[in-house]
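S.K.: This is the structure, below, for whatever I ask next.
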Protein chains: 2
Amino acid sequence: MLERIEQRKTKRSEAAQELSVLRAELNALENKVKEKKLPVIITYDGWSAAGKGSQIAKLIKNLDPRFYKVVSTRTPDTSERRKPWLYRHWSVLPKKGEFLILDRSWYRDAANAYLYGEISKQEYKRRLKDINTFEKQLTDDGYLIIKFFLHITEKEQRRRIEKLSSSEITRWRVESHDILNMEEYERFFRRYDKMLTATNTEFAPWHIIGANDKVTAEFSQLVTVTNAIKGACAAVDKGELFRDRPEFPATEYKPHKFKTLSTVKLSDIDMDKSLNDEEYEEKLKKYQDKLFKLQNLCYQRKIPVIIAYEGWDAGGKGGNIKRVAAALDPRGYEVKPIASPEPSELARHYLWRFWTRLENDGHFTIFDRTWYGRVMVEPVENITPKDRADMAYQEINEFESMLNDWGAVVIKFWINIDKDEQYRRFKERENTPSKRWKITDEDWRNREKWDEYETAVNEMVKRTSTEFAPWVVIEGNDKKYARIKALKTICKRLEERLKNEND
Amino acid sequence: MLERIEQRKTKRSEAAQELSVLRAELNALENKVKEKKLPVIITYDGWSAAGKGSQIAKLIKNLDPRFYKVVSTRTPDTSERRKPWLYRHWSVLPKKGEFLILDRSWYRDAANAYLYGEISKQEYKRRLKDINTFEKQLTDDGYLIIKFFLHITEKEQRRRIEKLSSSEITRWRVESHDILNMEEYERFFRRYDKMLTATNTEFAPWHIIGANDKVTAEFSQLVTVTNAIKGACAAVDKGELFRDRPEFPATEYKPHKFKTLSTVKLSDIDMDKSLNDEEYEEKLKKYQDKLFKLQNLCYQRKIPVIIAYEGWDAGGKGGNIKRVAAALDPRGYEVKPIASPEPSELARHYLWRFWTRLENDGHFTIFDRTWYGRVMVEPVENITPKDRADMAYQEINEFESMLNDWGAVVIKFWINIDKDEQYRRFKERENTPSKRWKITDEDWRNREKWDEYETAVNEMVKRTSTEFAPWVVIEGNDKKYARIKALKTICKRLEERLKNEND
C-alpha cells in the first residue's frame with residue numbers, strides 16, 4: 001500500500017480557509033460525540049520523525065481536553081511485560097463519549113517490536129491476528145477506531161532526523177530506535193507494508209497519510225476524522241454499526257473457529273457424589289500441600305493461573321475458593337469478586353473490567369463470578385439484548401485464547417447444585433443470623449428463573465469448552481466433594497502445564 | 001522498644017485449644033467487619049526471615065478470600081519511583097468492610113529503604129513524619145490499622161537464613177537484602193528501634209511480636225487482631241473513632257502547623273479586569289509559546305506539575321483549561337475531570353481518588369474540580385458533616401505538602417465570576433442548542449446557595465493558601481483576561497521552580 005501514497009504539497013495560505021472550516025466542524029462534532037455517547041479511538045503510527053506528535057497537537061487544539069486523553073505507547077516496561085501484550089491497550093480504553101488518542105498504538109508492539117528485536121517472528125504474526133480480533137471486538141461494541149499511518153519518504157526522514165540531532169534542544173528526542181528506523185528504511189518499509197495490508201479490515205481500515213508536507217497531513221487527517229465521526233454518529237442514530245469506506249481493498253477478516261469439546265448437560269449429571277469427613281480431611285491436606293508446591297513452581301516459571309468460578313446462588317463458591325486460597329502463598333494470588341458493574345465500567349467494553357483485573361504472570365487470579373455474566377444473567381435479565389449477548393461466546397473464546405497465548409492456565413468451574421439443595425441452603429441462611437447477609441430477595445427472584453438459567457448454562461458450557469479453557473462442572477450438593485474436586489482439578493491442570501514446560 | 005521483647009516458647013499442644021477458639025472468633029468477627037463496613041489494614045514488617053509470610057498465611061486461613069487482599073511491598077520499580085512515595089500505598093487502600101494485609105508496608109520504604117541505600121537520611125526522616133500523617137488521616141477516616149513488627153533474635157535469624165540457603169527449593173527466597181539484614185543485624189536493630197518509637201502513635205500503635213517461636217507468634221497476632229476488631233466495631237456502634245491501647249508509651253503526634261499567606265475575600269476583588277481582542281491574541285501566543293518551552297524543561301527534569309481548577313459554575317474552567325492544554329505537548333499532560341464519586345470511590349478515603357489520579361513526574365496533571373469539593377459542595381450539600389469536613393483543611397494542606405515534597409509545582413485556581421455574570425451565562429447556555437448539555441437543574445439549585453458557597457470559598461482560600469500551594473483567584477468575568485492570567489501564573493510558577501533548580 002505504501003508505494004501508492006502520494007506526497008503532495010499544500011500551501012498554507014491556500015488551505016487556510018478549508019482548514020478553518022474543518023476545525024470548526026470538528027469542534028461541533030465533539031458535542032455530537034458526547035451526545036451520542038460514541039467512544040472514539042484515534043491512533044497515530046508511522047515512521048520515526050513523521051510528525052505524529054505535531055499532528056496530534058493539531059487535532060486536539062479543536063477538542064475539549066476534559067474529553068480526550070493522549071497516551072504515548074513506548075517500549076513496554078517490566079510490569080507491562082508481565083501481562084498479556086494487549087493488556088496495556090485494553091487498560092486505556094476510553095469511555096463512551098470520549099476520545100482516546102494514541103501516539104503509537106498496538107501497532108508499535110507488532111512491526112516495531114519485531115524489528116527492534118523484542119519479539120519473534122512467530123509472535124509478531126500472532127499479534128497481527130490478535131490486533132484484528134481486538135479491533136473487531138471494539139468496533140462490534142460501537143467503538144469508532146480511526147487509524148493513521150504517517151508516511152514520509154526516506155530522504156525526508158533523514159533530513160528531519162539530522163535536523164533534530166543537530167540542535168541541542170531537540171537532540172534528546174532522537175533515540176536509538178529512530179536511528180535504526182532510518183538506517184534500515186527499506187526493511188521497515190517492507191514490514192510496514194505487510195502489516196498495513198494484513199490489518200486493513202473493513203471495520204478498522206487504515207488511513208495512510210503522505211506526511212512529507214505538514215499542511216497536507218493536517219488537512220488529510222482532519223477530513224478523515226470529521227467524516228468518520230459524522231458517519232459513526234449517523235450510524236448510532238440508525239442503531240447500526242459504523243463501517244468506514246476503506247481507501248485500499250480491505251483484507252477479509254475471518255474470525256477464528258474454535259473447536260469445542262463434547263460436554264454433558266446439567267440434567268445428565270450424577271448429583272449424588274459425596275465424601276465422608278475422613279476422606280475429606282485426608283484429601284484436603286493432600287491436595288492443598290500439592291497445590292502449594294505447584295504454585296511455587298508456577299511462580300518461579302512465571303506461569304499465570306486464571307481460575308474462574310461460576311455456579312448457582314448458594315452453590316458454595318465462597319467456601320470452595322477459601323479452600324483453594326488456603327493452600328496458596330498469599331503473596332501470589334488475588335480473589336476478584338465480581339459485582340454489578342460501576343458506571344465507569346458500564347461506559348466501556350464489557351471485557352474491560354476483566355482485562356484490567358488480571359494479575360501479573362506467576363500469580364493466580366481467582367474470579368468469583370466472571371465474564372460469563374454476559375451470556376447468563378445479562379440476557380436472562382434483559383440487561384443485554386439476546387443477539388448482542390450471543391456474540392459473546394466467540395468473544396469470550398477469543399479472550400481466553402489470548403490468555404492461553406500469554407501462557408496462562410485457564411481453569412473454569414461451574415458449581416452445580418440441584419433445586420432442592422438450593423432451597424435447603426437458602427432456608428438455612430435465612431435461619432442463621434451470621435449468614436443472613438448472604439441471602440437477598442434477588443436470590444429468590446433468580447431462583448424463579450431456574451429453567452431459563454439452566455438453558456443458558458448448558459449453552460455456555462457447550463459453546464465455550466475449548467481445549468485450552470475447558471469447563472469443569474463440579475457436583476456441588478456435597479460441599480466436601482466439590483472442594484476436593486476443585487483442588488484436584490487445579491493440581492492436575494498445573495501438573496500438565498509444568499510437564500509440558502519441561503518437555 | 002525491641003530490647004524489651006520476650007521470646008517465649010509455646011507448645012503447640014498447649015495452645016491448640018486457645019488457638020482454635022481465637023480462629024473461630026476471628027471467623028465470626030469477619031462478618032462484623034462487613035456489617036459495620038469497617039476498613040481494616042494489617043501490616044507485617046520485621047526482620048528478614050521473621051516469618052511474615054507464614055504468619056499472614058495463618059491469619060487469612062480464617063478469612064474469606066473475597067474480602068481481603070494481600071499485597072507484598074517490594075523494592076519500588078521504575079514506574080513507582082515516578083510517583084510520590086506514598087502513592088503505591090494509597091493505591092491499595094481497602095474498601096469499607098474489607099481487609100488489606102501487607103507483607104511489608106510503608107515501613108519498608110522507611111528504615112529498610114534507608115539502610116539499603118535507596119534514600120538519604122533526610123528523606124528517611126521526612127518519611128517517618130509522612131507515615132504518622134498518613135496513618136492519622138486514615139484512622140481519622142475510620143480505618144483500623146493494626147501494625148505488626150515480627151522480631152527475631154540475631155541467632156535465630158542466622159539459623160533460618162542458613163537453612164533457607166541450604167535447600168535448593170528455598171534458596172531463591174534469600175535475596176541480597178536479606179543477607180545484608182542479617183550481616184548488619186546491629187545496625188538494623190538500632191534503626192528499627194528508633195523507627196518503631198517514632199511511629200508508635202496513639203492512633204496506630206505497634207504490636208511487636210517475639211517471633212522466634214511460631215506458635216507464640218500466631219497466638220499473639222490472633223489475640224491482637226481479634227481484640228482490635230472487637231474494639232473498632234464497638235467504636236463504630238458508638239459513632240466514635242477507635243483508639244487501641246498502646247503496648248509501649250505512645251509518641252505524641254503533633255500535626256504540622258501550616259503557615260498560611262494573607263488572602264483577600266471574594267467580595268473585595270476588582271471584577272472589572274478585561275483584555276481587548278488584540279491584547280488577548282498577542283498575549284495568548286506569547287504565553288502559550290513560553291509554556292510549551294517550560295513544559296519541555298519540566299519534562300526533562302522530571303518535575304511534576306499539578307494544576308487544580310475550581311470556580312463557580314459557568315466560570316469558564318473548560319475554556320481556560322483548553323487554552324492551557326493547547327500550549328502543551330499532549331504526551332505530557334492529562335486532564336482529570338472530577339465528577340461525583342463512584343461507589344468504589346465512596347467506599348474509600350476521600351483523597352484516594354485524587355492520589356490515584358496523579359500522573360508521573362515530568363507530567364502535568366490538570367484537575368477540573370478537585371479535592372476541595374470536600375470543603376465546599378460536601379458540607380454545603382450535607383454530604384459530609386461539617387465537623388468532618390472541617391478536618392479537611394489540615395488534611396488537604398498535608399496532601400499538597402507531600403506533593404510539594406515529591407517535587408511538584410502545585411498551582412490552584414479559583415475562577416471567580418459575579419452573580420450577574422453567572423446568570424447571563426446560564427441563560428446563554430439555555431438558549432444555545434450546542435451548549436444546552438452544559439446546564440442542568442442542579443446548576444440553578446447551586447446558584448440559590450451562592451452566599452453559602454461564597455463563605456465556604458473564602459474559608460477555603462484563607463486556610464489552604466500555603467507558600468507551596470497558594471490559591472490564585474482569577475477575575476473571570478472577562479474570559480480572555482482569565483485565560484491569560486492562568487497562563488501567566490503557570491509560566492511564572494514554573495520559571496521560579498526552574499530557577500531554583502539551577503541555583
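Just remember, in the C-alpha cells the first chain shown is A, the second B, etc., residues are 1-based per chain, and ligands are 1-based in the order shown.
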Taking the DSSP assignment computed from this structure's backbone, write out as a PyMOL selection string all residues of stretch 140-211 of chain A that belong to strand (DSSP E).
M.R.: chain A and resi 144-151+206-210
S.K.: Residues of chain A within 7 Å of chain B, counting only C-alpha atoms - could you list those as a list in words?
M.R.: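 Written out as asked, the residues are Asn31, Ala57, Lys61, Asp64, Pro65, Arg66, Lys69, Val70, Val71, Ser72, Lys322, Ala325, Ala326, Asp329, Pro330, Arg331, Glu334, Val335, Lys336, Pro337 and Ser434 of chain A.
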S.K.: Since we have the selection now, will you write its residues out, keeping C-alpha atoms, as a PDB file, in the first residue's frame?
M.R.:
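And here is the file that came out, part_13.pdb:
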ATOM      1  CA  ASN A  31     -20.603  17.761  21.125  1.00  0.00           C
ATOM      2  CA  ALA A  57      -1.301  18.604  18.685  1.00  0.00           C
ATOM      3  CA  LYS A  61      -6.472  22.005  19.530  1.00  0.00           C
ATOM      4  CA  ASP A  64     -12.072  19.905  24.872  1.00  0.00           C
ATOM      5  CA  PRO A  65      -9.248  18.437  26.954  1.00  0.00           C
ATOM      6  CA  ARG A  66     -11.686  17.094  29.510  1.00  0.00           C
ATOM      7  CA  LYS A  69      -6.745  11.518  26.685  1.00  0.00           C
ATOM      8  CA  VAL A  70      -3.465  11.268  24.796  1.00  0.00           C
ATOM      9  CA  VAL A  71      -1.396   8.207  25.551  1.00  0.00           C
ATOM     10  CA  SER A  72       2.117   7.558  24.292  1.00  0.00           C
ATOM     11  CA  LYS A 322     -11.468 -20.410  50.572  1.00  0.00           C
ATOM     12  CA  ALA A 325      -6.791 -19.883  48.704  1.00  0.00           C
ATOM     13  CA  ALA A 326      -5.808 -21.519  51.994  1.00  0.00           C
ATOM     14  CA  ASP A 329       1.097 -18.405  49.371  1.00  0.00           C
ATOM     15  CA  PRO A 330      -0.955 -15.270  49.928  1.00  0.00           C
ATOM     16  CA  ARG A 331       1.529 -13.104  48.103  1.00  0.00           C
ATOM     17  CA  GLU A 334      -5.784 -12.435  44.404  1.00  0.00           C
ATOM     18  CA  VAL A 335      -9.505 -13.133  44.540  1.00  0.00           C
ATOM     19  CA  LYS A 336     -11.628 -10.775  42.443  1.00  0.00           C
ATOM     20  CA  PRO A 337     -15.262 -10.714  43.488  1.00  0.00           C
ATOM     21  CA  SER A 434     -24.426 -14.691  60.891  1.00  0.00           C
TER      22      SER A 434
END
S.K.: Please list as an mmCIF file with N, CA and C atoms, in the first residue's frame every residue within 10 Å of stretch 250-255 of chain A, counting only C-alpha atoms and excluding residues in the same chain fewer than 4 positions away.
M.R.:
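Saved to out19.cif:
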data_model
loop_
_atom_site.group_PDB
_atom_site.id
_atom_site.type_symbol
_atom_site.label_atom_id
_atom_site.label_comp_id
_atom_site.auth_asym_id
_atom_site.auth_seq_id
_atom_site.Cartn_x
_atom_site.Cartn_y
_atom_site.Cartn_z
ATOM 1 N N LYS A 129 -2.791 -11.107 14.111
ATOM 2 C CA LYS A 129 -4.131 -11.723 14.226
ATOM 3 C C LYS A 129 -4.874 -11.168 15.449
ATOM 4 N N ASN A 132 -6.439 -7.768 14.757
ATOM 5 C CA ASN A 132 -7.715 -7.794 14.042
ATOM 6 C C ASN A 132 -8.863 -8.199 14.964
ATOM 7 N N THR A 133 -8.596 -9.181 15.795
ATOM 8 C CA THR A 133 -9.620 -9.631 16.738
ATOM 9 C C THR A 133 -9.992 -8.516 17.713
ATOM 10 N N LYS A 136 -11.908 -5.849 16.005
ATOM 11 C CA LYS A 136 -13.258 -6.341 15.711
ATOM 12 C C LYS A 136 -14.127 -6.275 16.967
ATOM 13 N N LEU A 196 0.335 -3.280 7.262
ATOM 14 C CA LEU A 196 -0.816 -2.451 6.882
ATOM 15 C C LEU A 196 -1.818 -3.279 6.084
ATOM 16 N N THR A 197 -1.309 -4.081 5.168
ATOM 17 C CA THR A 197 -2.199 -4.906 4.350
ATOM 18 C C THR A 197 -2.952 -5.905 5.229
ATOM 19 N N ALA A 198 -2.228 -6.528 6.140
ATOM 20 C CA ALA A 198 -2.838 -7.582 6.952
ATOM 21 C C ALA A 198 -3.895 -7.047 7.922
ATOM 22 N N THR A 199 -3.835 -5.768 8.210
ATOM 23 C CA THR A 199 -4.749 -5.230 9.223
ATOM 24 C C THR A 199 -5.668 -4.149 8.655
ATOM 25 N N ASN A 200 -5.772 -4.120 7.345
ATOM 26 C CA ASN A 200 -6.661 -3.140 6.709
ATOM 27 C C ASN A 200 -8.049 -3.771 6.561
ATOM 28 N N THR A 201 -8.746 -3.846 7.671
ATOM 29 C CA THR A 201 -10.031 -4.541 7.665
ATOM 30 C C THR A 201 -11.170 -3.575 7.380
ATOM 31 N N GLU A 202 -12.307 -4.144 7.132
ATOM 32 C CA GLU A 202 -13.493 -3.340 6.854
ATOM 33 C C GLU A 202 -13.924 -2.530 8.077
ATOM 34 N N PHE A 203 -13.732 -3.115 9.251
ATOM 35 C CA PHE A 203 -14.195 -2.429 10.464
ATOM 36 C C PHE A 203 -13.169 -1.438 11.000
ATOM 37 N N ALA A 204 -11.901 -1.585 10.602
ATOM 38 C CA ALA A 204 -10.878 -0.637 11.069
ATOM 39 C C ALA A 204 -9.843 -0.430 9.967
ATOM 40 N N PRO A 205 -10.247 0.246 8.891
ATOM 41 C CA PRO A 205 -9.349 0.433 7.754
ATOM 42 C C PRO A 205 -8.262 1.469 8.055
ATOM 43 N N TRP A 206 -7.173 1.364 7.344
ATOM 44 C CA TRP A 206 -6.067 2.310 7.512
ATOM 45 C C TRP A 206 -6.296 3.595 6.748
ATOM 46 N N ARG A 245 -15.440 3.605 4.765
ATOM 47 C CA ARG A 245 -15.070 3.091 3.445
ATOM 48 C C ARG A 245 -13.557 2.957 3.375
ATOM 49 N N PRO A 246 -13.031 1.752 3.182
ATOM 50 C CA PRO A 246 -11.574 1.595 3.151
ATOM 51 C C PRO A 246 -10.974 2.301 1.931
ATOM 52 N N GLN A 394 -18.170 -16.187 21.067
ATOM 53 C CA GLN A 394 -16.957 -16.059 20.266
ATOM 54 C C GLN A 394 -15.951 -15.124 20.944
ATOM 55 N N GLU A 395 -16.426 -13.984 21.414
ATOM 56 C CA GLU A 395 -15.525 -13.000 22.037
ATOM 57 C C GLU A 395 -14.841 -13.574 23.273
ATOM 58 N N GLU A 398 -12.190 -15.950 22.288
ATOM 59 C CA GLU A 398 -11.026 -15.177 21.839
ATOM 60 C C GLU A 398 -10.237 -14.647 23.039
#
S.K.: Go through stretch 414-445 of chain B and collect every residue that DSSP, computed from the backbone, puts in alpha helix (DSSP H); the answer should be as a ChimeraX atom specification.
M.R.: /B:419-431,441-445
S.K.: Applying 12 Å and only C-alpha atoms, which residues near stretch 155-162 of chain A remain after dropping the ones on its own chain fewer than 2 positions away? List them as a PyMOL selection string.
M.R.: chain A and resi 7+46-51+150-153+164-168+170-186+210-214
